[in-house]
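Data from run.cif: mmCIF, C-alpha atoms, pLDDT in the B column; chains and numbers go by the auth columns
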```cif
data_data
loop_
_atom_site.group_PDB
_atom_site.id
_atom_site.type_symbol
_atom_site.label_atom_id
_atom_site.label_comp_id
_atom_site.label_asym_id
_atom_site.label_seq_id
_atom_site.Cartn_x
_atom_site.Cartn_y
_atom_site.Cartn_z
_atom_site.B_iso_or_equiv
_atom_site.auth_seq_id
_atom_site.auth_asym_id
ATOM 1 C CA MET A 1 8.551 7.843 13.164 90.00 1 A
ATOM 2 C CA ASN A 2 7.219 7.425 9.627 92.00 2 A
ATOM 3 C CA LEU A 3 3.762 6.360 8.573 95.00 3 A
ATOM 4 C CA LEU A 4 3.800 4.526 5.257 96.00 4 A
ATOM 5 C CA LEU A 5 0.506 4.518 3.343 97.00 5 A
ATOM 6 C CA ILE A 6 0.335 1.805 0.687 96.00 6 A
ATOM 7 C CA PHE A 7 -2.488 1.745 -1.866 94.00 7 A
ATOM 8 C CA VAL A 8 -2.834 -1.335 -4.080 93.00 8 A
ATOM 9 C CA ASP A 9 -5.498 -2.878 -6.293 91.00 9 A
ATOM 10 C CA SER A 10 -7.306 -5.325 -4.018 92.00 10 A
ATOM 11 C CA HIS A 11 -6.504 -8.285 -6.277 89.00 11 A
ATOM 12 C CA HIS A 12 -2.798 -7.691 -5.492 90.00 12 A
ATOM 13 C CA ALA A 13 -3.242 -7.250 -1.735 94.00 13 A
ATOM 14 C CA ASP A 14 -1.766 -10.709 -1.060 95.00 14 A
ATOM 15 C CA ASP A 15 1.461 -9.641 -2.799 94.00 15 A
ATOM 16 C CA VAL A 16 1.790 -6.612 -0.517 96.00 16 A
ATOM 17 C CA GLU A 17 0.986 -8.630 2.615 96.00 17 A
ATOM 18 C CA ARG A 18 3.601 -11.227 1.646 95.00 18 A
ATOM 19 C CA LEU A 19 6.129 -8.440 1.169 94.00 19 A
ATOM 20 C CA LEU A 20 5.248 -6.900 4.558 95.00 20 A
ATOM 21 C CA ASP A 21 5.604 -10.280 6.267 94.00 21 A
ATOM 22 C CA GLU A 22 8.938 -10.984 4.568 93.00 22 A
ATOM 23 C CA SER A 23 10.158 -7.504 5.555 91.00 23 A
ATOM 24 C CA GLU A 24 9.299 -8.317 9.189 89.00 24 A
ATOM 25 C CA VAL A 25 7.482 -5.043 9.801 92.00 25 A
ATOM 26 C CA PRO A 26 6.361 -4.871 13.435 89.00 26 A
ATOM 27 C CA GLY A 27 2.712 -4.529 12.421 93.00 27 A
ATOM 28 C CA TYR A 28 0.300 -2.947 10.000 96.00 28 A
ATOM 29 C CA SER A 29 -3.377 -2.169 9.544 97.00 29 A
ATOM 30 C CA ALA A 30 -5.219 -3.099 6.350 97.00 30 A
ATOM 31 C CA PHE A 31 -8.326 -1.379 5.050 97.00 31 A
ATOM 32 C CA PRO A 32 -9.884 -3.541 2.309 96.00 32 A
ATOM 33 C CA ASN A 33 -12.419 -2.360 -0.254 95.00 33 A
ATOM 34 C CA VAL A 34 -11.296 1.266 -0.424 96.00 34 A
ATOM 35 C CA LEU A 35 -13.246 3.058 -3.150 96.00 35 A
ATOM 36 C CA GLY A 36 -12.125 6.123 -5.077 93.00 36 A
ATOM 37 C CA VAL A 37 -10.706 7.710 -8.179 92.00 37 A
ATOM 38 C CA GLY A 38 -7.038 7.860 -9.132 85.00 38 A
ATOM 39 C CA ARG A 39 -4.605 7.734 -12.017 80.00 39 A
ATOM 40 C CA THR A 40 -5.618 4.145 -12.819 78.00 40 A
ATOM 41 C CA GLY A 41 -9.275 5.159 -13.064 85.00 41 A
ATOM 42 C CA ARG A 42 -12.389 4.813 -10.967 92.00 42 A
ATOM 43 C CA LYS A 43 -12.672 1.937 -8.504 91.00 43 A
ATOM 44 C CA LEU A 44 -16.165 2.198 -7.098 94.00 44 A
ATOM 45 C CA GLY A 45 -17.141 -1.454 -6.727 92.00 45 A
ATOM 46 C CA THR A 46 -19.907 -1.144 -9.307 94.00 46 A
ATOM 47 C CA ARG A 47 -20.527 -2.751 -12.694 94.00 47 A
ATOM 48 C CA ALA A 48 -19.668 0.521 -14.409 95.00 48 A
ATOM 49 C CA PHE A 49 -16.510 1.042 -12.316 94.00 49 A
ATOM 50 C CA PRO A 50 -15.509 -2.342 -10.869 93.00 50 A
ATOM 51 C CA GLY A 51 -12.778 -3.039 -8.401 91.00 51 A
ATOM 52 C CA SER A 52 -11.445 -1.555 -5.210 94.00 52 A
ATOM 53 C CA SER A 53 -8.146 -0.857 -3.514 94.00 53 A
ATOM 54 C CA THR A 54 -6.657 -1.984 -0.233 96.00 54 A
ATOM 55 C CA LEU A 55 -4.934 0.594 1.961 97.00 55 A
ATOM 56 C CA TYR A 56 -2.196 -0.357 4.410 98.00 56 A
ATOM 57 C CA PHE A 57 -0.929 1.787 7.292 97.00 57 A
ATOM 58 C CA VAL A 58 2.576 0.825 8.412 97.00 58 A
ATOM 59 C CA ALA A 59 4.309 2.728 11.231 94.00 59 A
ATOM 60 C CA LEU A 60 8.102 2.446 11.074 92.00 60 A
ATOM 61 C CA PRO A 61 10.935 4.023 13.052 89.00 61 A
ATOM 62 C CA ASP A 62 12.961 6.691 11.262 85.00 62 A
ATOM 63 C CA GLY A 63 15.429 5.190 8.806 84.00 63 A
ATOM 64 C CA GLU A 64 13.597 1.864 8.402 84.00 64 A
ATOM 65 C CA CYS A 65 11.365 2.848 5.499 85.00 65 A
ATOM 66 C CA GLY A 66 13.987 2.676 2.729 84.00 66 A
ATOM 67 C CA GLY A 67 14.303 -1.091 2.404 88.00 67 A
ATOM 68 C CA LEU A 68 10.570 -1.658 2.394 92.00 68 A
ATOM 69 C CA CYS A 69 10.071 1.125 -0.156 92.00 69 A
ATOM 70 C CA ASP A 70 12.707 -0.468 -2.411 93.00 70 A
ATOM 71 C CA ARG A 71 10.836 -3.783 -2.247 93.00 71 A
ATOM 72 C CA LEU A 72 7.560 -2.022 -3.061 94.00 72 A
ATOM 73 C CA LYS A 73 9.202 -0.365 -6.083 93.00 73 A
ATOM 74 C CA ALA A 74 10.391 -3.761 -7.292 93.00 74 A
ATOM 75 C CA LEU A 75 6.858 -5.159 -6.887 91.00 75 A
ATOM 76 C CA GLN A 76 5.462 -2.215 -8.864 90.00 76 A
ATOM 77 C CA GLN A 77 7.932 -2.849 -11.677 90.00 77 A
ATOM 78 C CA GLU A 78 7.033 -6.551 -11.670 88.00 78 A
ATOM 79 C CA LYS A 79 3.257 -5.939 -11.786 81.00 79 A
ATOM 80 C CA GLY A 80 3.335 -2.840 -13.999 79.00 80 A
ATOM 81 C CA PRO A 81 2.209 0.724 -13.312 72.00 81 A
ATOM 82 C CA GLU A 82 -1.366 0.023 -14.407 72.00 82 A
ATOM 83 C CA GLU A 83 -1.928 -2.159 -11.317 72.00 83 A
ATOM 84 C CA GLY A 84 -2.331 0.829 -9.026 81.00 84 A
ATOM 85 C CA LEU A 85 0.429 0.321 -6.456 90.00 85 A
ATOM 86 C CA LYS A 86 1.374 3.586 -4.762 92.00 86 A
ATOM 87 C CA ALA A 87 3.085 4.399 -1.460 93.00 87 A
ATOM 88 C CA TYR A 88 3.446 7.629 0.501 95.00 88 A
ATOM 89 C CA THR A 89 5.222 8.476 3.733 93.00 89 A
ATOM 90 C CA LEU A 90 4.169 10.893 6.422 94.00 90 A
ATOM 91 C CA ASN A 91 6.442 12.103 9.168 93.00 91 A
ATOM 92 C CA THR A 92 4.559 11.371 12.362 91.00 92 A
ATOM 93 C CA MET A 93 4.936 11.270 16.112 89.00 93 A
ATOM 94 C CA GLU A 94 3.596 8.655 18.520 86.00 94 A
ATOM 95 C CA VAL A 95 1.486 10.392 21.158 90.00 95 A
ATOM 96 C CA LEU A 96 0.194 7.437 23.205 88.00 96 A
#
```
Once you've parsed the file, please lay out its structure as structure tokens.
Amino acid sequence: MNLLLIFVDSHHADDVERLLDESEVPGYSAFPNVLGVGRTGRKLGTRAFPGSSTLYFVALPDGECGGLCDRLKALQQEKGPEEGLKAYTLNTMEVL
């Protein structure tokens, strides 16, 4: 099992959700208004550092991450690297 973590600028969250729906993932959890600091700068939801990110958790069976990751790469190229779209995978095991 793989856990895909997707970070995106909150104003592009709809693009990621559309992509997840089109990819027919079995389910995901979304965490809106994630604050922090990264390569695209500070997103702290303040006047000095406006904005936030949305974090998605997507659990996928082994071997099913590649197609979704390819679609995320295409979205990143379309939006540009400054829009803060990143994805990471973790090897995980379902325990319950």
message: Which residues are close to Phe49 in chain A, i.e. within 12 Å by only C-alpha atoms, leaving aside same-chain residues fewer than 3 positions away? Reply as number ranges by chain.
response: A: 35-37, 40-46, 52
- request: Starting from the displayed file, determine the output of the PyMOL selection byres ((chain A and resi 24-27) around 8) and express the residue list as a VMD selection string.
  value: chain A and resid 20 to 23 28 to 29 58 to 60
- request: Could you state which residues are captured by the PyMOL selection byres ((chain A and resi 70-79) around 12) in this file, as a PyMOL selection string?
  value: chain A and resi 4-9+11-23+64-69+80-88
- prompt: Do you know which residues the PyMOL selection byres ((chain A and resi 32) around 7) returns on this file, as an MDAnalysis selection string?
  reply: chainID A and resid 30:31 33:34 53:55
field: For CA of Gly63 in chain A and CA of Met93 in chain A, the interatomic separation in Å (one decimal)
entry: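 Computing the Euclidean distance for CA of Gly63 in chain A and CA of Met93 in chain A yields 14.2 Å.
Atom pair CA of Pro61 in chain A / CA of Ser10 in chain A: separated by 26.7 Å.
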